[in-house]
Amino acid sequence: MATFKLDGKEIAFEQGDTIIKAAWRQGVEIPHYCWHPGLSVAANCRMCLVELVPGANQRAMMLDVLVWDESKKDYVVSRKPKLQPSCQISAAEGMEVKSESSEHVALARKSVQEFLLLNHPVDCPICDQSGECKLQDYYMTEQATSKRMRDEPNHKPKGVSFGPTIVYDAERCIACTRCIRVCEEVIQDPMLDMRERGNLFEIITSPGRQVDGHYTMMLEWVCPVGALTTSHWRHKGRVWLLRGTQSVCPGCATGCAMFVDVDPRENTAFRNRPRENDQVNQFWMCDDGMLSYERVYKDRILSATIASERAKSADAIRHASALLSKHKGRLAVVLSAQRSTEENLIAATMAKALGADLYVTGKAAWDGDKILRNSDQNPNRAGALKAADAESLPGVDALLKKASSYDCLLVLGEDADVAPEAIKALAGKEIVVLATHWQGAWTAVANTVLPITVWAETDGTFVNAKGVAQVFKRALTPTGDVLVGWEALTKLAKGAGADTGFQRMVDLRAALQSRGLEALVAKKLDGVHPSTGAPVSTV
Amino acid sequence: MAGTIVIKKPKRTLADQSYVVEITKGLGVTLKHFFKNFGQMVTGTRPDVTKFNYEDGVATLQYPEEKKPYPRRFRGVHRLTKRSNGEARCTACLMCSTACPAQCIFIKPGEYPEGHPSRGHERYAVEFVIDELRCIFCGFCVEACPVDAIRMDTGIHMTALDNRADFIFDKEKLMSFPSQDGDFETSNTRVEPGDKAHHGITREQGH
């Protein structure tokens, strides 16, 4: 692979890469605001300027400048090389680039930083971006001097509502136009535009429009400063009190990689944010995915019920496993495309041992699009099939047709992709449901309901529609009488006399691996601080 | 035996063993101080309790009826300072609760309602609760505050209360304490949103 030199270090690049992109791929950051690896190049922030060393027999492009001479107490004429934006210059074989090692670059960055902060309100104490703000980061690394301008800074509109989810602060904005480019290139809906220039610029919504649709919270995420904030995280807490956990969106079969940001002191999830994964979602996520953490709290089942009576979880497991062993032979197990592959694996193994028929279900289809949202609302249909070692499995409609041949059902998850009224036909049977939320179709007809963890409360693997398996980790501690999903299933299997042999998560992962399911676990996480785990600014 | 330490039995004289002599001596010391204190009390010559490190004599403080005055910078119970319009200065930035080593400060931030002059510029504390039982009175919250909203200059020594719930001080209670000088605001100026006075200018150049 072709290489160029950045500060003496060899950087490999692909044909057509810009300097900044090639360096970013190697984990070397050149300070930048307007450049984003997933967007087109605007080159308007001038933060990523680098010095290009002229090749042999080439003359450097030089500029005449005035430099303060302390001994003469006057400005003297001097020369400096013309710096180039590294986001726009294509890397070339043998090219020599100076970034950290050039004094001219250091001065340029310091000056750009000072310029961007001229009219900045510096209201970091109440700004929701602070802690993951590029202005703060580069102030510390590149500038670290106090403000020299003694005039009143420009005042512009603050707290402007751009729509139901996005709030704009013009004083904090640095006009990098990332949000405008996201609207045009990723969302393909030009909702935003810019007006005026110089220090009067302002981001505005397109005439007659507001920021709405399925992809709005992403705008906040690409904003490198605190100009765009979401109404969901705005004024809720501070970034540094959160801890980011590697997770996968449970919203649809795309399975976007993301972080769940949790305040560990309160055991509360405050937001989701996209995690970079070039095989799945690149840098983006939809609003429903960003808000999927809200499912952890809404309508949760916190204690077990036997025949609509509240019961202890341990008693409910005993009761349920007695039912399963009693109805051996006239039993059906319904896997869930909503639950992790590990849980489906235990359920499928148990079904095999008990001689039960397998079905699979999940949420009904929703409106997909060509950007990220898959029309299958279930994050793990492929994983459930993989766990059952089957090409395809019949759904609930097939189960309803064969209903007379079963006395007992073990159902994973509360969702069914048929109308809740149709499920009522099964009401006379002994139905054991492992569920998380009350609003599901199965809980209405269940004999025994076991409360289990949602995806954020346990480890697991989702396999998306493309077949990419991704691991998600536990972000929250389960509350109430809630059982860890896969542990509840192993206990149930043991009680029913169909011990699956799985005792730990590693056993489950090994079994999945032997079936050729290699799950992606991000070793190095870019979005969290390496020692504290707190969210940090990425691209 | 090697390593054994032999402790000698103390010798006791006949006077020691008789008990009466020693107890009389001890009572003598007590009575000496009693009559000295009593005499000072009657004649009004008792040393000043605030200076008892410097003056001779025994100073007995009739606590809690009498209290030794605390120094001016004594860290007492917290107060939330007010703006000129009576609202709390606090902008709910959570710096104090971040700095707090005892994690005794709980703040729920919120956005000002539509039409409020501070909307968009600042946020405010919907709830501000300090658990005075957890507080270790280190003063980090006062140091951390960027807007001089929390102070420990009330001069109130946190005393025992009847039940634990009384130690949970909410925003209203914290705003009800004045400083030692009876002031609910602070001497530090505040720039209201829209004022044509930048912090940096007023502080460094005075114009």
# chains A, B, ... in the order shown; residues from 1 in each chain; ligands from 1
$ closest_atom_pairs --of "region 215-239 of chain A" --to "region 268-271 of chain A" --cutoff "12 Å" --atoms "only C-alpha atoms" --output "Markdown table"
| residue | atom | partner | partner_atom | distance |
| --- | --- | --- | --- | --- |
| A:Met217 | CA | A:Arg271 | CA | 10.8 |
| A:Trp221 | CA | A:Arg271 | CA | 11.3 |
| A:Thr230 | CA | A:Arg271 | CA | 10.2 |
| A:Ser231 | CA | A:Arg271 | CA | 11.3 |
| A:His232 | CA | A:Arg271 | CA | 8.0 |
| A:Trp233 | CA | A:Arg271 | CA | 6.9 |
| A:Arg234 | CA | A:Phe270 | CA | 10.6 |
| A:His235 | CA | A:Phe270 | CA | 11.3 |
| A:Lys236 | CA | A:Phe270 | CA | 8.1 |
| A:Gly237 | CA | A:Phe270 | CA | 8.6 |
| A:Arg238 | CA | A:Phe270 | CA | 10.1 |
| A:Val239 | CA | A:Phe270 | CA | 9.8 |
$ write_last_selection --atoms "N, CA and C atoms" --output "short mmCIF file (atom, residue, chain, number, x, y, z; two decimals), in the first residue's frame"
data_model
loop_
_atom_site.label_atom_id
_atom_site.label_comp_id
_atom_site.auth_asym_id
_atom_site.auth_seq_id
_atom_site.Cartn_x
_atom_site.Cartn_y
_atom_site.Cartn_z
N MET A 217 -31.96 13.73 15.47
CA MET A 217 -31.06 13.79 16.62
C MET A 217 -29.61 13.58 16.20
N TRP A 221 -25.59 15.12 17.04
CA TRP A 221 -24.42 14.28 17.20
C TRP A 221 -23.26 14.73 16.31
N THR A 230 -30.22 18.40 21.73
CA THR A 230 -31.51 17.71 21.61
C THR A 230 -32.36 18.06 22.82
N SER A 231 -33.66 18.13 22.58
CA SER A 231 -34.55 18.45 23.69
C SER A 231 -34.57 17.31 24.71
N HIS A 232 -34.10 16.12 24.33
CA HIS A 232 -34.12 14.99 25.26
C HIS A 232 -32.96 15.02 26.24
N TRP A 233 -31.81 15.47 25.80
CA TRP A 233 -30.65 15.52 26.69
C TRP A 233 -30.41 16.92 27.22
N ARG A 234 -31.02 17.94 26.58
CA ARG A 234 -30.79 19.32 26.98
C ARG A 234 -31.15 19.53 28.46
N HIS A 235 -30.22 20.07 29.20
CA HIS A 235 -30.41 20.39 30.62
C HIS A 235 -30.82 19.19 31.46
N LYS A 236 -30.31 18.01 31.14
CA LYS A 236 -30.65 16.84 31.95
C LYS A 236 -29.53 16.52 32.94
N GLY A 237 -28.29 16.72 32.53
CA GLY A 237 -27.18 16.37 33.41
C GLY A 237 -25.88 16.78 32.77
N ARG A 238 -24.80 16.16 33.16
CA ARG A 238 -23.50 16.50 32.61
C ARG A 238 -22.89 15.27 31.98
N VAL A 239 -22.16 15.51 30.88
CA VAL A 239 -21.57 14.41 30.11
C VAL A 239 -20.60 13.59 30.96
#
$ closest_atom_pairs --of "chain A" --to "chain B" --cutoff "10 Å" --atoms "only C-alpha atoms" --output "CSV"
residue,atom,partner,partner_atom,distance
A:Pro121,CA,B:His121,CA,9.4
A:Asp123,CA,B:His121,CA,8.3
A:Cys124,CA,B:Cys93,CA,8.7
A:Pro125,CA,B:Cys93,CA,5.1
A:Ile126,CA,B:Cys93,CA,5.0
A:Cys127,CA,B:Cys93,CA,8.2
A:Asp128,CA,B:Cys93,CA,9.4
A:Ser146,CA,B:Gly200,CA,9.8
A:Lys147,CA,B:Gly200,CA,8.3
A:Arg148,CA,B:Gly200,CA,9.5
A:Met149,CA,B:Ile201,CA,9.2
A:Arg150,CA,B:Ile201,CA,6.0
A:Asp151,CA,B:Ile201,CA,7.5
A:Glu152,CA,B:His198,CA,5.9
A:Pro153,CA,B:His198,CA,7.8
A:His155,CA,B:Gly194,CA,8.3
A:Pro157,CA,B:Gly120,CA,8.4
A:Lys158,CA,B:Gly120,CA,5.0
A:Gly159,CA,B:Gly120,CA,4.2
A:Val160,CA,B:Gly120,CA,7.7
A:Val167,CA,B:Gly120,CA,9.4
A:Tyr168,CA,B:Gly120,CA,9.3
A:Asp169,CA,B:Gly120,CA,7.7
A:Glu171,CA,B:His121,CA,10.0
A:Arg234,CA,B:Glu111,CA,8.4
A:His235,CA,B:Pro109,CA,5.6
A:Lys236,CA,B:Pro109,CA,6.1
A:Gly237,CA,B:Pro109,CA,7.2
A:Arg238,CA,B:Leu94,CA,7.2
A:Trp240,CA,B:Thr98,CA,8.7
A:Leu241,CA,B:Thr98,CA,7.7
A:Arg265,CA,B:Gln103,CA,9.6
$ closest_residue --among "B:Asp131, B:Glu143, B:Asp170, B:Asp16" --to "Ala102 (chain B)" --atoms "only C-alpha atoms"
B:Asp131
$ residues_around --residues "Pro178 (chain B)" --least-positions-apart "4" --cutoff "8 Å" --atoms "only C-alpha atoms" --output "PDB file with C-alpha atoms, in the first residue's frame"
ATOM      1  CA  ARG B  79     -27.138  29.005  51.549  1.00  0.00           C
ATOM      2  CA  THR B 154     -24.364  31.627  57.200  1.00  0.00           C
ATOM      3  CA  GLY B 182     -28.041  39.241  57.142  1.00  0.00           C
ATOM      4  CA  ASP B 183     -27.600  39.517  53.367  1.00  0.00           C
ATOM      5  CA  PHE B 184     -29.487  37.239  50.946  1.00  0.00           C
TER       6      PHE B 184
END
$ residues_around --residues "region 52-65 of chain A" --least-positions-apart "5" --cutoff "8 Å" --atoms "only C-alpha atoms" --output "PyMOL selection string"
chain A and resi 77-84+95-98
$ atom_distance --atom1 "CA of Ala416 (chain A)" --atom2 "CA of Arg300 (chain A)"
17.2 Å
$ residues_around --residues "region 393-402 of chain A" --least-positions-apart "5" --cutoff "6 Å" --atoms "only C-alpha atoms" --output "ChimeraX atom specification"
/A:359-361
$ residues_around --residues "Ile317 (chain A)" --least-positions-apart "6" --cutoff "8 Å" --atoms "only C-alpha atoms" --output "list in words"
Leu450, Ala488, Lys491, Leu492 and Gly495 of chain A
$ select_by_dssp --residues "region 3-199 of chain B" --states "strand (DSSP E)" --output "NGL selection string"
:B and (79-80 or 105-111 or 123-131 or 150-151 or 168-169)
$ write_last_selection --atoms "C-alpha atoms" --output "compact mmCIF listing (two decimals), in the first residue's frame"
# COMPACT_ATOMS: atom_id res chain seq x y z
CA ARG B 79 -27.14 29.01 51.55
CA LEU B 80 -28.26 29.68 48.00
CA ILE B 105 -25.86 17.55 46.37
CA PHE B 106 -28.72 16.62 44.07
CA ILE B 107 -29.76 19.07 41.36
CA LYS B 108 -32.43 18.68 38.75
CA PRO B 109 -31.80 21.26 36.01
CA GLY B 110 -34.55 22.69 33.88
CA GLU B 111 -35.21 25.19 31.11
CA ARG B 123 -30.88 27.10 33.00
CA TYR B 124 -32.18 26.90 36.54
CA ALA B 125 -32.40 24.37 39.33
CA VAL B 126 -35.88 22.87 39.44
CA GLU B 127 -34.75 21.00 42.52
CA PHE B 128 -31.70 21.68 44.61
CA VAL B 129 -31.25 19.37 47.57
CA ILE B 130 -28.36 19.05 50.00
CA ASP B 131 -28.22 16.13 52.38
CA ILE B 150 -23.74 28.61 46.85
CA ARG B 151 -22.02 29.90 49.96
CA ILE B 168 -32.52 17.09 53.73
CA PHE B 169 -32.45 20.79 52.86
$ closest_residue --among "B:Pro71, B:Pro64, B:Gly28, B:Pro101" --to "Gly139 (chain B)" --atoms "only C-alpha atoms"
B:Pro101
$ decode --residues "region 22-100 of chain B" --atoms "C-alpha atoms" --output "CSV table (one decimal), in the first residue's frame"
chain,number,residue,atom,x,y,z
B,22,GLU,CA,-5.3,10.7,97.4
B,23,ILE,CA,-9.0,11.4,97.0
B,24,THR,CA,-8.7,14.4,99.3
B,25,LYS,CA,-5.8,15.7,97.1
B,26,GLY,CA,-7.9,15.3,94.0
B,27,LEU,CA,-11.0,16.9,95.5
B,28,GLY,CA,-8.7,19.8,96.5
B,29,VAL,CA,-7.8,20.5,92.8
B,30,THR,CA,-11.5,20.4,91.9
B,31,LEU,CA,-12.5,22.7,94.7
B,32,LYS,CA,-9.7,25.1,93.8
B,33,HIS,CA,-11.0,25.6,90.3
B,34,PHE,CA,-14.6,25.6,91.5
B,35,PHE,CA,-14.0,28.5,93.9
B,36,LYS,CA,-11.8,30.3,91.3
B,37,ASN,CA,-14.6,30.1,88.7
B,38,PHE,CA,-17.2,31.0,91.3
B,39,GLY,CA,-15.3,34.0,92.4
B,40,GLN,CA,-14.7,35.2,88.8
B,41,MET,CA,-18.4,34.7,88.1
B,42,VAL,CA,-19.5,36.7,91.1
B,43,THR,CA,-17.0,39.5,90.6
B,44,GLY,CA,-17.4,39.5,86.9
B,45,THR,CA,-13.7,39.0,86.2
B,46,ARG,CA,-14.0,35.9,84.0
B,47,PRO,CA,-11.6,35.9,81.0
B,48,ASP,CA,-13.1,36.6,77.6
B,49,VAL,CA,-14.0,33.2,76.0
B,50,THR,CA,-13.0,34.4,72.6
B,51,LYS,CA,-9.5,35.0,73.7
B,52,PHE,CA,-9.0,32.2,76.2
B,53,ASN,CA,-5.8,31.1,74.4
B,54,TYR,CA,-4.2,34.4,75.4
B,55,GLU,CA,-5.5,35.2,78.8
B,56,ASP,CA,-4.7,33.5,82.1
B,57,GLY,CA,-7.4,31.8,84.0
B,58,VAL,CA,-10.0,29.1,83.4
B,59,ALA,CA,-12.7,29.9,80.9
B,60,THR,CA,-15.7,27.6,81.0
B,61,LEU,CA,-18.1,28.0,78.2
B,62,GLN,CA,-21.8,27.4,79.2
B,63,TYR,CA,-22.5,25.6,75.9
B,64,PRO,CA,-25.0,25.6,74.3
B,65,GLU,CA,-26.4,28.7,76.0
B,66,GLU,CA,-23.0,30.3,75.4
B,67,LYS,CA,-21.2,29.8,72.1
B,68,LYS,CA,-17.7,30.7,71.1
B,69,PRO,CA,-17.9,33.1,68.2
B,70,TYR,CA,-16.8,31.4,65.0
B,71,PRO,CA,-14.3,33.1,62.7
B,72,ARG,CA,-15.6,35.0,59.7
B,73,ARG,CA,-14.7,32.3,57.3
B,74,PHE,CA,-16.2,29.5,59.2
B,75,ARG,CA,-17.9,27.0,56.9
B,76,GLY,CA,-21.4,26.7,58.2
B,77,VAL,CA,-24.7,25.5,56.7
B,78,HIS,CA,-25.0,26.3,53.0
B,79,ARG,CA,-27.1,29.0,51.5
B,80,LEU,CA,-28.3,29.7,48.0
B,81,THR,CA,-27.7,33.3,47.1
B,82,LYS,CA,-30.4,35.3,45.4
B,83,ARG,CA,-30.6,37.7,42.4
B,84,SER,CA,-32.0,41.2,42.8
B,85,ASN,CA,-35.4,39.8,41.6
B,86,GLY,CA,-35.4,37.2,44.4
B,87,GLU,CA,-34.7,34.2,42.2
B,88,ALA,CA,-31.8,31.9,43.0
B,89,ARG,CA,-28.5,32.8,41.3
B,90,CYS,CA,-27.9,29.1,40.7
B,91,THR,CA,-27.7,28.1,37.0
B,92,ALA,CA,-27.9,24.3,37.7
B,93,CYS,CA,-24.5,23.6,36.1
B,94,LEU,CA,-23.8,20.7,38.4
B,95,MET,CA,-20.3,21.9,39.1
B,96,CYS,CA,-20.9,21.7,42.9
B,97,SER,CA,-22.3,18.2,42.8
B,98,THR,CA,-19.5,17.1,40.5
B,99,ALA,CA,-16.9,18.5,42.9
B,100,CYS,CA,-18.7,17.2,46.0
